[in-house]
Amino acid sequence: MTWSHTRIKIPRNREAGDILLWNDYFSDNPTYPANIFRRRFRMRRELFNRILADVVSRNPYFAQKRDACGILGLSPHQKVTAAIRMLAYGCAADAIDEYLRIGETTVLEATRRFCKTIVVLYGKEYLRSPTADVRQQNQEYTPHKGSESIVLEAVVSHDLWFWHAFFGMPGSCNDINVMNRSYIFRKLINGKTPPVNFEVNGHAYDMGYYLGDGIYPQIATIVMAIKQPDTPKKYKFSSMQEGARKDVERGFGVLQQQFAISNNLHECGTRMCLPI
(Lines give C-alpha, C1' and ligand atoms only; values in the text may rest on other atoms or scores of the structure.)
Protein backbone atom coordinates (compact mmCIF):
# COMPACT_ATOMS: atom_id res chain seq x y z
CA MET A 1 0.00 0.00 0.00
CA THR A 2 1.31 3.42 -0.95
CA TRP A 3 0.42 6.56 0.94
CA SER A 4 0.21 9.83 -0.92
CA HIS A 5 0.68 13.11 0.95
CA THR A 6 -0.75 15.90 -1.16
CA ARG A 7 -1.02 19.53 -0.18
CA ILE A 8 -4.55 20.86 -0.23
CA LYS A 9 -4.86 24.26 -1.88
CA ILE A 10 -7.46 26.41 -0.18
CA PRO A 11 -8.75 29.53 -1.96
CA ARG A 12 -8.47 31.86 1.04
CA ASN A 13 -9.25 35.13 -0.77
CA ARG A 14 -6.19 36.86 0.68
CA GLU A 15 -7.21 40.21 -0.78
CA ALA A 16 -10.42 40.20 1.27
CA GLY A 17 -8.45 39.45 4.44
CA ASP A 18 -6.06 42.31 3.70
CA ILE A 19 -8.92 44.76 3.11
CA LEU A 20 -10.66 43.70 6.33
CA LEU A 21 -7.46 44.09 8.35
CA TRP A 22 -6.80 47.53 6.84
CA ASN A 23 -10.32 48.79 7.50
CA ASP A 24 -10.31 47.42 11.06
CA TYR A 25 -7.01 48.93 12.20
CA PHE A 26 -5.06 50.98 9.65
CA SER A 27 -7.43 53.14 7.59
CA ASP A 28 -7.97 56.85 8.26
CA ASN A 29 -11.17 55.96 10.08
CA PRO A 30 -10.56 52.44 11.45
CA THR A 31 -13.26 50.27 12.98
CA TYR A 32 -11.31 49.87 16.22
CA PRO A 33 -9.91 52.90 18.08
CA ALA A 34 -6.35 53.39 19.31
CA ASN A 35 -6.90 51.90 22.78
CA ILE A 36 -8.18 48.61 21.32
CA PHE A 37 -5.30 48.52 18.85
CA ARG A 38 -2.88 49.01 21.75
CA ARG A 39 -4.44 46.15 23.71
CA ARG A 40 -4.63 43.68 20.83
CA PHE A 41 -1.25 44.38 19.23
CA ARG A 42 0.58 45.07 22.54
CA MET A 43 1.85 48.35 21.08
CA ARG A 44 0.67 51.68 19.70
CA ARG A 45 -0.32 51.95 16.03
CA GLU A 46 2.52 54.42 15.41
CA LEU A 47 5.07 51.94 16.75
CA PHE A 48 3.60 49.13 14.67
CA ASN A 49 3.85 51.23 11.51
CA ARG A 50 7.47 52.11 12.26
CA ILE A 51 8.39 48.46 12.85
CA LEU A 52 6.49 47.44 9.71
CA ALA A 53 8.38 49.95 7.56
CA ASP A 54 11.74 48.89 9.03
CA VAL A 55 11.03 45.18 8.57
CA VAL A 56 9.87 45.58 4.95
CA SER A 57 12.89 47.71 4.05
CA ARG A 58 15.24 45.18 5.64
CA ASN A 59 13.71 41.87 4.54
CA PRO A 60 12.12 41.60 1.06
CA TYR A 61 10.12 38.59 2.24
CA PHE A 62 7.60 40.95 3.84
CA ALA A 63 7.03 43.03 0.71
CA GLN A 64 3.87 42.30 -1.25
CA LYS A 65 4.53 40.53 -4.56
CA ARG A 66 2.66 38.87 -7.40
CA ASP A 67 3.13 35.20 -8.14
CA ALA A 68 3.80 33.62 -11.54
CA CYS A 69 0.10 33.85 -12.34
CA GLY A 70 -0.02 37.54 -11.54
CA ILE A 71 -2.02 37.01 -8.34
CA LEU A 72 -1.22 39.49 -5.58
CA GLY A 73 0.29 37.86 -2.52
CA LEU A 74 -0.05 38.61 1.18
CA SER A 75 0.47 42.21 2.23
CA PRO A 76 3.16 43.31 4.71
CA HIS A 77 0.39 44.12 7.19
CA GLN A 78 -0.92 40.55 7.05
CA LYS A 79 2.50 38.94 7.54
CA VAL A 80 3.66 41.23 10.34
CA THR A 81 0.27 41.10 12.08
CA ALA A 82 0.35 37.29 11.94
CA ALA A 83 3.79 37.24 13.57
CA ILE A 84 2.83 39.71 16.30
CA ARG A 85 -0.43 37.87 17.04
CA MET A 86 1.54 34.64 17.46
CA LEU A 87 3.88 36.36 19.91
CA ALA A 88 1.19 38.35 21.71
CA TYR A 89 -1.38 35.59 22.15
CA GLY A 90 0.67 32.41 21.98
CA CYS A 91 -2.01 30.87 19.77
CA ALA A 92 -1.69 28.06 17.26
CA ALA A 93 -0.54 29.13 13.80
CA ASP A 94 -3.71 27.98 12.05
CA ALA A 95 -5.91 29.96 14.46
CA ILE A 96 -4.94 33.16 12.62
CA ASP A 97 -6.10 31.83 9.26
CA GLU A 98 -9.78 32.64 9.63
CA TYR A 99 -9.21 36.37 10.06
CA LEU A 100 -5.98 37.12 8.19
CA ARG A 101 -6.47 34.50 5.46
CA ILE A 102 -2.95 33.18 5.85
CA GLY A 103 -2.02 29.50 6.05
CA GLU A 104 -0.31 27.76 8.97
CA THR A 105 3.05 27.20 7.29
CA THR A 106 3.15 30.80 6.10
CA VAL A 107 2.37 32.07 9.61
CA LEU A 108 5.23 30.05 11.06
CA GLU A 109 7.60 31.23 8.34
CA ALA A 110 6.55 34.86 8.77
CA THR A 111 7.03 34.63 12.54
CA ARG A 112 10.48 33.07 12.18
CA ARG A 113 11.62 35.68 9.68
CA PHE A 114 10.06 38.50 11.70
CA CYS A 115 11.95 37.54 14.86
CA LYS A 116 15.27 37.25 13.03
CA THR A 117 14.74 40.57 11.28
CA ILE A 118 13.85 42.31 14.54
CA VAL A 119 17.11 41.10 16.13
CA VAL A 120 19.09 42.42 13.16
CA LEU A 121 17.27 45.76 13.16
CA TYR A 122 17.17 46.52 16.87
CA GLY A 123 19.61 44.14 18.55
CA LYS A 124 22.46 46.64 18.81
CA GLU A 125 20.21 49.26 20.36
CA TYR A 126 18.13 47.16 22.73
CA LEU A 127 20.48 44.25 23.49
CA ARG A 128 23.74 45.87 24.45
CA SER A 129 26.11 46.12 27.39
CA PRO A 130 25.05 48.54 30.13
CA THR A 131 26.49 52.03 30.08
CA ALA A 132 28.52 53.62 32.85
CA ASP A 133 25.33 55.01 34.42
CA VAL A 134 23.85 51.55 34.96
CA ARG A 135 24.58 50.14 38.40
CA GLN A 136 22.03 47.41 38.99
CA GLN A 137 22.65 44.24 37.05
CA ASN A 138 21.29 40.73 37.68
CA GLN A 139 21.85 37.23 36.44
CA GLU A 140 20.60 34.20 38.30
CA TYR A 141 19.79 30.76 36.85
CA THR A 142 19.01 27.33 38.19
CA PRO A 143 18.38 24.09 36.33
CA HIS A 144 14.90 23.04 35.28
CA LYS A 145 13.83 19.39 35.21
CA GLY A 146 10.72 17.44 34.40
CA SER A 147 9.90 18.63 30.87
CA GLU A 148 11.50 19.33 27.52
CA SER A 149 12.37 22.99 27.44
CA ILE A 150 14.76 25.67 26.28
CA VAL A 151 16.40 28.31 28.43
CA LEU A 152 16.18 32.07 28.31
CA GLU A 153 19.10 33.75 30.07
CA ALA A 154 18.77 37.49 30.66
CA VAL A 155 20.25 40.48 32.41
CA VAL A 156 17.60 42.99 33.46
CA SER A 157 17.99 46.32 35.24
CA HIS A 158 15.55 48.00 37.62
CA ASP A 159 14.01 50.06 34.76
CA LEU A 160 12.95 46.84 32.92
CA TRP A 161 15.67 47.18 30.31
CA PHE A 162 16.86 43.81 28.99
CA TRP A 163 20.58 44.38 28.56
CA HIS A 164 21.30 40.82 27.55
CA ALA A 165 19.33 37.85 26.27
CA PHE A 166 20.65 34.40 25.40
CA PHE A 167 17.94 32.01 24.23
CA GLY A 168 17.85 28.46 22.94
CA MET A 169 19.89 26.15 25.17
CA PRO A 170 18.21 22.92 26.38
CA GLY A 171 16.37 23.30 29.68
CA SER A 172 18.29 20.33 31.07
CA CYS A 173 21.45 22.45 31.17
CA ASN A 174 22.47 23.71 34.57
CA ASP A 175 23.81 27.15 35.42
CA ILE A 176 27.42 26.25 34.65
CA ASN A 177 26.53 24.86 31.20
CA VAL A 178 24.62 28.01 30.37
CA MET A 179 27.37 30.24 31.70
CA ASN A 180 30.09 28.48 29.72
CA ARG A 181 28.21 29.07 26.45
CA SER A 182 26.92 32.55 27.16
CA TYR A 183 28.84 35.25 25.33
CA ILE A 184 28.42 37.67 28.23
CA PHE A 185 30.63 35.48 30.41
CA ARG A 186 33.11 34.93 27.60
CA LYS A 187 33.62 38.68 27.61
CA LEU A 188 33.87 38.62 31.40
CA ILE A 189 36.64 36.02 31.36
CA ASN A 190 38.54 38.10 28.81
CA GLY A 191 38.31 41.15 31.05
CA LYS A 192 35.68 42.93 28.95
CA THR A 193 32.93 44.38 31.12
CA PRO A 194 30.55 47.35 31.02
CA PRO A 195 32.22 50.60 32.14
CA VAL A 196 31.31 50.91 35.82
CA ASN A 197 33.19 53.01 38.37
CA PHE A 198 32.36 53.21 42.07
CA GLU A 199 34.03 53.33 45.48
CA VAL A 200 33.35 51.21 48.58
CA ASN A 201 35.22 51.57 51.87
CA GLY A 202 37.88 53.63 50.19
CA HIS A 203 38.50 51.10 47.43
CA ALA A 204 37.88 52.10 43.80
CA TYR A 205 36.32 49.53 41.46
CA ASP A 206 36.04 49.60 37.67
CA MET A 207 34.06 46.37 37.17
CA GLY A 208 30.44 45.64 38.03
CA TYR A 209 29.03 42.59 39.77
CA TYR A 210 26.49 39.90 38.93
CA LEU A 211 24.38 38.28 41.60
CA GLY A 212 24.48 34.50 41.70
CA ASP A 213 24.02 31.49 43.93
CA GLY A 214 26.38 28.81 45.18
CA ILE A 215 26.47 26.77 41.97
CA TYR A 216 28.62 29.34 40.20
CA PRO A 217 32.41 29.07 40.22
CA GLN A 218 34.47 31.43 42.36
CA ILE A 219 34.71 34.43 40.04
CA ALA A 220 35.45 37.84 41.53
CA THR A 221 32.63 39.54 39.63
CA ILE A 222 29.93 37.11 40.82
CA VAL A 223 28.57 37.86 44.28
CA MET A 224 27.18 34.72 45.92
CA ALA A 225 24.09 34.72 48.10
CA ILE A 226 24.42 34.21 51.84
CA LYS A 227 22.25 31.19 52.53
CA GLN A 228 22.10 31.51 56.31
CA PRO A 229 22.88 35.07 57.43
CA ASP A 230 23.65 35.15 61.14
CA THR A 231 24.66 38.76 61.79
CA PRO A 232 22.89 42.11 61.25
CA LYS A 233 25.42 42.98 58.56
CA LYS A 234 24.78 39.74 56.67
CA TYR A 235 21.00 40.12 57.05
CA LYS A 236 21.20 43.60 55.53
CA PHE A 237 23.37 42.37 52.67
CA SER A 238 21.01 39.46 51.93
CA SER A 239 17.98 41.76 51.98
CA MET A 240 19.55 44.21 49.53
CA GLN A 241 20.70 41.41 47.27
CA GLU A 242 17.23 39.83 47.20
CA GLY A 243 15.76 43.21 46.30
CA ALA A 244 18.14 43.57 43.37
CA ARG A 245 17.52 40.01 42.18
CA LYS A 246 13.81 40.77 41.90
CA ASP A 247 14.54 43.09 38.98
CA VAL A 248 15.00 40.17 36.59
CA GLU A 249 11.92 38.39 37.98
CA ARG A 250 9.90 41.55 37.41
CA GLY A 251 11.28 41.77 33.90
CA PHE A 252 10.12 38.24 33.09
CA GLY A 253 6.72 39.04 34.61
CA VAL A 254 6.22 41.99 32.27
CA LEU A 255 7.46 39.91 29.33
CA GLN A 256 4.84 37.25 30.08
CA GLN A 257 2.13 39.87 30.48
CA GLN A 258 2.86 41.50 27.12
CA PHE A 259 3.48 38.35 25.06
CA ALA A 260 1.32 35.37 25.86
CA ILE A 261 3.62 33.04 23.93
CA SER A 262 5.92 33.24 26.96
CA ASN A 263 3.19 32.41 29.47
CA ASN A 264 4.36 28.80 29.59
CA LEU A 265 7.76 29.84 30.90
CA HIS A 266 8.71 27.97 34.05
CA GLU A 267 10.49 30.05 36.64
CA CYS A 268 13.50 28.34 38.15
CA GLY A 269 15.12 30.81 40.48
CA THR A 270 15.28 33.66 38.03
CA ARG A 271 16.14 31.66 34.94
CA MET A 272 13.18 30.89 32.69
CA CYS A 273 12.54 27.68 30.73
CA LEU A 274 10.08 27.49 27.85
CA PRO A 275 8.55 24.03 27.17
CA ILE A 276 8.92 22.74 23.63
# chains A, B, ... in the order shown; residues from 1 in each chain; ligands from 1
call {"tool": "residues_around", "arguments": {"residues": "segment 85-88 of chain A", "least_positions_apart": "2", "cutoff": "8 Å", "atoms": "only C-alpha atoms", "output": "PyMOL selection string"}}
result
chain A and resi 40-42+81-83+90-93+96+111+258-262
call {"tool": "atom_distance", "arguments": {"atom1": "atom CA of Thr106 of chain A", "atom2": "atom CA of Asp54 of chain A"}}
result
20.2 Å
call {"tool": "residues_around", "arguments": {"residues": "Asn59 of chain A", "least_positions_apart": "3", "cutoff": "9 Å", "atoms": "only C-alpha atoms", "output": "list in words"}}
result
Asp54, Val55, Val56, Phe62, Ala63, Arg113, Phe114 and Thr117 of chain A
call {"tool": "write_last_selection", "arguments": {"atoms": "all heavy atoms", "output": "CSV table (one decimal), in the first residue's frame"}}
result
chain,number,residue,atom,x,y,z
A,54,ASP,N,10.4,49.3,8.9
A,54,ASP,CA,11.7,48.9,9.0
A,54,ASP,C,11.9,47.5,8.6
A,54,ASP,O,12.9,47.1,7.9
A,54,ASP,CB,12.2,49.0,10.5
A,54,ASP,CG,12.3,50.5,10.9
A,54,ASP,OD1,12.3,51.4,10.1
A,54,ASP,OD2,12.4,50.7,12.2
A,55,VAL,N,10.9,46.6,8.9
A,55,VAL,CA,11.0,45.2,8.6
A,55,VAL,C,10.9,45.0,7.1
A,55,VAL,O,11.7,44.2,6.5
A,55,VAL,CB,9.9,44.4,9.3
A,55,VAL,CG1,9.8,43.0,8.7
A,55,VAL,CG2,10.2,44.3,10.8
A,56,VAL,N,10.0,45.7,6.4
A,56,VAL,CA,9.9,45.6,5.0
A,56,VAL,C,11.1,46.1,4.2
A,56,VAL,O,11.6,45.5,3.2
A,56,VAL,CB,8.6,46.4,4.5
A,56,VAL,CG1,8.5,46.4,3.0
A,56,VAL,CG2,7.4,45.7,5.0
A,62,PHE,N,8.8,40.3,3.3
A,62,PHE,CA,7.6,41.0,3.8
A,62,PHE,C,7.0,41.9,2.8
A,62,PHE,O,5.9,42.4,3.1
A,62,PHE,CB,7.9,41.7,5.2
A,62,PHE,CG,8.2,40.8,6.3
A,62,PHE,CD1,9.5,40.4,6.6
A,62,PHE,CD2,7.2,40.2,7.0
A,62,PHE,CE1,9.8,39.6,7.6
A,62,PHE,CE2,7.5,39.3,8.1
A,62,PHE,CZ,8.8,39.0,8.4
A,63,ALA,N,7.6,42.2,1.7
A,63,ALA,CA,7.0,43.0,0.7
A,63,ALA,C,5.9,42.3,0.0
A,63,ALA,O,6.0,41.0,-0.2
A,63,ALA,CB,8.1,43.5,-0.2
A,113,ARG,N,10.9,34.6,10.4
A,113,ARG,CA,11.6,35.7,9.7
A,113,ARG,C,11.5,37.0,10.4
A,113,ARG,O,12.4,37.8,10.4
A,113,ARG,CB,11.1,35.8,8.2
A,113,ARG,CG,11.5,34.6,7.3
A,113,ARG,CD,10.9,34.8,6.0
A,113,ARG,NE,11.3,33.7,5.1
A,113,ARG,CZ,12.3,33.8,4.1
A,113,ARG,NH1,13.0,34.9,4.1
A,113,ARG,NH2,12.5,32.7,3.4
A,114,PHE,N,10.3,37.3,11.0
A,114,PHE,CA,10.1,38.5,11.7
A,114,PHE,C,11.0,38.6,12.9
A,114,PHE,O,11.6,39.6,13.1
A,114,PHE,CB,8.6,38.6,12.2
A,114,PHE,CG,8.3,39.8,13.0
A,114,PHE,CD1,8.0,41.0,12.4
A,114,PHE,CD2,8.2,39.7,14.4
A,114,PHE,CE1,7.7,42.1,13.1
A,114,PHE,CE2,7.9,40.8,15.1
A,114,PHE,CZ,7.6,42.0,14.5
A,117,THR,N,14.6,39.2,11.8
A,117,THR,CA,14.7,40.6,11.3
A,117,THR,C,14.7,41.6,12.4
A,117,THR,O,15.5,42.6,12.4
A,117,THR,CB,13.6,40.9,10.3
A,117,THR,OG1,13.6,39.9,9.2
A,117,THR,CG2,13.9,42.2,9.6
call {"tool": "residues_around", "arguments": {"residues": "Gln228 of chain A", "least_positions_apart": "4", "cutoff": "10 Å", "atoms": "only C-alpha atoms", "output": "ChimeraX atom specification"}}
result
/A:234-235,238
call {"tool": "write_last_selection", "arguments": {"atoms": "N, CA, C and O atoms", "output": "PDB file, in the first residue's frame"}}
result
ATOM      1  N   LYS A 234      25.106  40.733  57.702  1.00  0.00           N
ATOM      2  CA  LYS A 234      24.781  39.744  56.672  1.00  0.00           C
ATOM      3  C   LYS A 234      23.294  39.772  56.321  1.00  0.00           C
ATOM      4  O   LYS A 234      22.922  39.593  55.157  1.00  0.00           O
ATOM      5  N   TYR A 235      22.428  39.998  57.306  1.00  0.00           N
ATOM      6  CA  TYR A 235      21.003  40.123  57.048  1.00  0.00           C
ATOM      7  C   TYR A 235      20.725  41.297  56.110  1.00  0.00           C
ATOM      8  O   TYR A 235      19.925  41.200  55.168  1.00  0.00           O
ATOM      9  N   SER A 238      21.915  40.413  52.582  1.00  0.00           N
ATOM     10  CA  SER A 238      21.010  39.462  51.934  1.00  0.00           C
ATOM     11  C   SER A 238      19.728  40.147  51.486  1.00  0.00           C
ATOM     12  O   SER A 238      19.200  39.879  50.397  1.00  0.00           O
TER      13      SER A 238
END
call {"tool": "residues_around", "arguments": {"residues": "Val156 of chain A", "least_positions_apart": "2", "cutoff": "7 Å", "atoms": "only C-alpha atoms", "output": "PyMOL selection string"}}
result
chain A and resi 137-138+154+158+160-163+247-248+251
call {"tool": "atom_distance", "arguments": {"atom1": "atom CA of Leu255 of chain A", "atom2": "atom CA of Leu108 of chain A"}}
result
20.9 Å
call {"tool": "atom_distance", "arguments": {"atom1": "atom CA of Lys116 of chain A", "atom2": "atom CA of Pro76 of chain A"}}
result
15.9 Å
